[in-house]
Amino acid sequence: MTPEGLRAVAEGMPGDTPEERWAAFVESKLPAGEPAFSPFWWRTLRAFWQSGKTALIVLKANRAGGTTHVARMCAAPEMLFRERRAIAESEFVWANASATVPLANGSLRMVASAMRAIGLREVKKRSKDEVKRVAPSEFFISEGSVQTAGTIEFLDVHSNRVEYRSQPASRAGLSGFTGIGFTPDEVELWRGEAERPEEVLELGMSRLKGQCGAHTYAISRAFAEDGALYKIVSRGDTEELMIARLGEQGARDDEAGRLALRDHLRARGVAGDREALRYSQDRRLTEEADPTSPIVPAWVGIGPPEATILECWRLAATGFGLDEGEVPLDGLLRVYGGRPTGREGERYIEQAAIDAARSAR
Ligand SMILES: Nc1ncnc2c1ncn2[C@@H]1O[C@H](COP(=O)(O)OP(=O)(O)OP(=O)(O)O)[C@@H](O)[C@H]1O
Ligand SMILES: [Mg+2]
């Protein structure tokens with residue numbers, strides 16, 4: 001399809017904002033078998049796009065679908081379809097910063113899968129000639145490695161050359177380009193040069209100034225109350241920032257998930273498993289969720305809640321994420337339910353880096 005054709009089809013999708021139509025277009029093109037975008041992310045992103053704010057801040061539990069949804073619903077379509085102000089020789093970059101380069105590289109495949117779904121062809125080599133670097137309907141991808149930052153480069157539907165680039169979360173990494181979007185990921189784990197993560201975050205966001213409609217999607221697991229993103233979230237919404245909340249439906253989904261686990265444990269209890277019976281009586285499985293909570297449990301993020309919480313339960317029962325003396329229910333609610341206690345980041349970054357290195361292969 002020609003760029004104009006692509007644009008016309010995407011603009012013809014249902015939705016109140018251009019971003020919603022573009023994301024709906026990507027979703028409509030997902031290959032069979034790939035799960036549709038989750039209702040939680042749809043609700044949250046729709047509200048954000050309608051708000052006209054520039055930054056969405058999401059605190060979430062482990063594995064809540066954050067990186068995948070933002071890469072496919074936001075980064076890929078916004079890079080491709082948004083009109084931008086070209087200043088002579090602008091280098092248009094969507095900065096994708098994470099706690100480490102391999103972690104940042106982990107989202108490249110997700111962006112690439114959206115680009116392929118839309119019908120762009122993946123190429124691994126590009127011309128050295130600046131002008132011919134990338135052809136229309138193609139995207140160049142270099143996936144990067146443990147040491148090197150990966151990139152995706154292509155022409156948007158207005159023929160601007162744009163790049164989705166992994167950047168270290170540092171002042172130097174976030175300087176020297178025109179920002180067309182920004183995905184600071186795992187902000188609570190930013191280290192090294194980013195000892196003042198709030199300043200680095202601010203710098204990354206300031207790169208988008210002058211590009212009308214460009215968005216920041218800041219995501220992190222919630223580890224500790226003194227984390228940079230946690231502090232921003234606790235200060236609340238501003239004219240520019242929207243804090244993602246569980247919402248009424250999210251609270252219902254959270255409760256449905258936890259009740260499903262309660263019933264599962266109770267059934268096992270009836271069958272003679274005394275430990276399961278004891279867990280099934282834990283109040284945390286039945287207490288009401290707070291719709292204003294800024295932390296999204298895994299089972300609300302990717303749903304469906306009943307199935308996802310049972311999967312998280314299975315994972316917690318393998319001992320992953322458990323502190324000494326904790327029972328699986330503690331781990332489940334803390335790691336996948338996003339009820340943070342203490343400094344959690346140190347332990348999870350290793351696992352997260354292993355996951356990212358695997359998916360980058
Ligand atoms: N729409 C979806 N439906 C079902 N599963 C999904 C969906 N989107 C993503 N997933 C799966 O959920 C898991 C977590 O996704 P992802 O890594 O995007 O979440 P995250 O919140 O960024 O996690 P992390 O805590 O590791 O940063 C992955 O295994 C992913 O494949
Ligand atoms: Mg992630």
# chains A, B, ... in the order shown; residues from 1 in each chain; ligands from 1
>>> residues_near_ligand(ligand="ligand 1", cutoff="8 Å", atoms="only C-alpha atoms and all ligand atoms", output="VMD selection string")
chain A and resid 34 to 38 60 to 69 185 to 186 219 to 221 298 301 to 303 352 355
>>> residues_around(residues="Ala8 of chain A", least_positions_apart="2", cutoff="12 Å", atoms="only C-alpha atoms", output="list in words")
Met1, Thr2, Pro3, Glu4, Gly5, Leu6, Ala10, Glu11, Gly12, Met13, Pro18, Arg21, Trp22, Phe25, Phe81 and Val157 of chain A
>>> atom_distance(atom1="atom CA of Ala172 of chain A", atom2="atom CA of Val233 of chain A")
25.6 Å
>>> residues_around(residues="Ile309 of chain A", least_positions_apart="6", cutoff="8 Å", atoms="only C-alpha atoms", output="list in words")
Gly257, Arg258, Ala260, Leu261, Ala298 and Trp299 of chain A
>>> atom_distance(atom1="atom CA of Leu259 of chain A", atom2="atom CA of Leu332 of chain A")
13.8 Å
>>> select_by_dssp(residues="segment 114-186 of chain A", states="alpha helix (DSSP H)", output="PyMOL selection string")
chain A and resi 114-118
>>> closest_residue(among="A:Ala222, A:Ala88, A:Cys312, A:Ile141", to="Arg109 of chain A", atoms="only C-alpha atoms")
A:Ile141
>>> select_by_dssp(residues="segment 133-218 of chain A", states="strand (DSSP E)", output="list in words")
Glu138, Phe139, Phe140, Ile141, Ser142, Thr151, Ile152, Glu153, Phe154, Leu155, Arg161, Val162, Glu163, Tyr164, Arg165, Ser166, Gln167, Pro168, Thr178, Gly179, Ile180, Gly181, Phe182, Thr183, Pro184, Thr216, Tyr217 and Ala218 of chain A
>>> closest_residue(among="A:Tyr217, A:Phe40, A:Glu188, A:Thr100", to="Ile243 of chain A", atoms="only C-alpha atoms")
A:Tyr217
>>> closest_residue(among="A:Ala47, A:Ala32, A:Ala149, A:Ala289", to="Gly15 of chain A", atoms="only C-alpha atoms")
A:Ala47
>>> closest_residue(among="A:Leu45, A:Ile180, A:Ile152, A:Leu265", to="Gln281 of chain A", atoms="only C-alpha atoms")
A:Leu265
>>> residues_around(residues="Ala228 of chain A", least_positions_apart="6", cutoff="9 Å", atoms="only C-alpha atoms", output="PDB file with N, CA and C atoms, in the first residue's frame")
ATOM      1  N   VAL A 187      11.576   3.206  34.912  1.00  0.00           N
ATOM      2  CA  VAL A 187      12.210   4.405  35.481  1.00  0.00           C
ATOM      3  C   VAL A 187      12.702   4.166  36.912  1.00  0.00           C
ATOM      4  N   GLU A 188      11.976   3.348  37.669  1.00  0.00           N
ATOM      5  CA  GLU A 188      12.379   3.121  39.060  1.00  0.00           C
ATOM      6  C   GLU A 188      13.722   2.397  39.170  1.00  0.00           C
ATOM      7  N   ARG A 196      20.010  11.057  39.161  1.00  0.00           N
ATOM      8  CA  ARG A 196      18.867  11.937  39.413  1.00  0.00           C
ATOM      9  C   ARG A 196      17.840  11.658  38.333  1.00  0.00           C
ATOM     10  N   PRO A 197      17.145  10.520  38.429  1.00  0.00           N
ATOM     11  CA  PRO A 197      16.245  10.111  37.350  1.00  0.00           C
ATOM     12  C   PRO A 197      15.195  11.154  37.020  1.00  0.00           C
ATOM     13  N   GLU A 198      14.761  11.914  38.005  1.00  0.00           N
ATOM     14  CA  GLU A 198      13.728  12.911  37.701  1.00  0.00           C
ATOM     15  C   GLU A 198      14.237  13.953  36.714  1.00  0.00           C
TER      16      GLU A 198
END
>>> atom_distance(atom1="atom CA of Asp254 of chain A", atom2="atom CA of Leu329 of chain A")
14.9 Å
>>> closest_residue(among="A:Ser175, A:Trp42, A:Pro102, A:Ala55", to="ligand 2", atoms="only C-alpha atoms and all ligand atoms")
A:Pro102
>>> closest_residue(among="A:Val123, A:Val200, A:Ala218, A:Ala117", to="ligand 2", atoms="only C-alpha atoms and all ligand atoms")
A:Ala218
>>> residues_around(residues="Glu240 of chain A", least_positions_apart="6", cutoff="9 Å", atoms="only C-alpha atoms", output="VMD selection string")
chain A and resid 52 to 56
>>> write_last_selection(atoms="N, CA and C atoms", output="mmCIF file, in the first residue's frame")
data_model
loop_
_atom_site.group_PDB
_atom_site.id
_atom_site.type_symbol
_atom_site.label_atom_id
_atom_site.label_comp_id
_atom_site.auth_asym_id
_atom_site.auth_seq_id
_atom_site.Cartn_x
_atom_site.Cartn_y
_atom_site.Cartn_z
ATOM 1 N N GLY A 52 -5.570 15.470 25.997
ATOM 2 C CA GLY A 52 -4.701 16.466 25.379
ATOM 3 C C GLY A 52 -3.419 16.706 26.169
ATOM 4 N N LYS A 53 -3.185 15.908 27.209
ATOM 5 C CA LYS A 53 -1.948 16.087 27.983
ATOM 6 C C LYS A 53 -0.761 15.515 27.213
ATOM 7 N N THR A 54 0.443 15.835 27.703
ATOM 8 C CA THR A 54 1.609 15.391 26.931
ATOM 9 C C THR A 54 2.291 14.147 27.493
ATOM 10 N N ALA A 55 2.071 13.838 28.770
ATOM 11 C CA ALA A 55 2.770 12.670 29.323
ATOM 12 C C ALA A 55 1.828 11.780 30.113
ATOM 13 N N LEU A 56 1.935 10.488 29.856
ATOM 14 C CA LEU A 56 1.184 9.500 30.628
ATOM 15 C C LEU A 56 2.171 8.773 31.545
#
>>> decode(residues="segment 209-243 of chain A", atoms="C-alpha atoms", output="CSV table (one decimal), in the first residue's frame")
chain,number,residue,atom,x,y,z
A,209,LYS,CA,8.9,20.6,22.8
A,210,GLY,CA,7.9,22.2,19.5
A,211,GLN,CA,6.6,18.9,18.1
A,212,CYS,CA,2.9,19.3,18.3
A,213,GLY,CA,1.2,16.2,19.8
A,214,ALA,CA,4.4,14.3,20.7
A,215,HIS,CA,3.9,12.2,23.8
A,216,THR,CA,5.9,10.7,26.7
A,217,TYR,CA,4.8,7.3,28.0
A,218,ALA,CA,6.6,6.8,31.3
A,219,ILE,CA,6.3,3.3,32.7
A,220,SER,CA,7.7,1.5,35.6
A,221,ARG,CA,7.1,-1.3,38.0
A,222,ALA,CA,6.3,0.1,41.4
A,223,PHE,CA,9.1,-0.9,43.7
A,224,ALA,CA,9.5,1.5,46.5
A,225,GLU,CA,7.8,4.7,47.7
A,226,ASP,CA,11.0,6.7,47.3
A,227,GLY,CA,11.3,5.9,43.6
A,228,ALA,CA,11.3,8.8,41.0
A,229,LEU,CA,8.1,7.8,39.2
A,230,TYR,CA,6.4,6.9,42.5
A,231,LYS,CA,7.1,10.4,43.8
A,232,ILE,CA,5.7,12.0,40.6
A,233,VAL,CA,2.6,9.9,40.9
A,234,SER,CA,2.1,10.7,44.5
A,235,ARG,CA,2.1,14.4,43.6
A,236,GLY,CA,-0.9,13.7,41.3
A,237,ASP,CA,-2.0,14.9,37.9
A,238,THR,CA,-1.0,18.2,36.4
A,239,GLU,CA,-1.9,20.1,33.3
A,240,GLU,CA,0.7,18.2,31.4
A,241,LEU,CA,0.8,14.8,33.2
A,242,MET,CA,-1.9,12.2,33.4
A,243,ILE,CA,-1.4,9.5,36.0
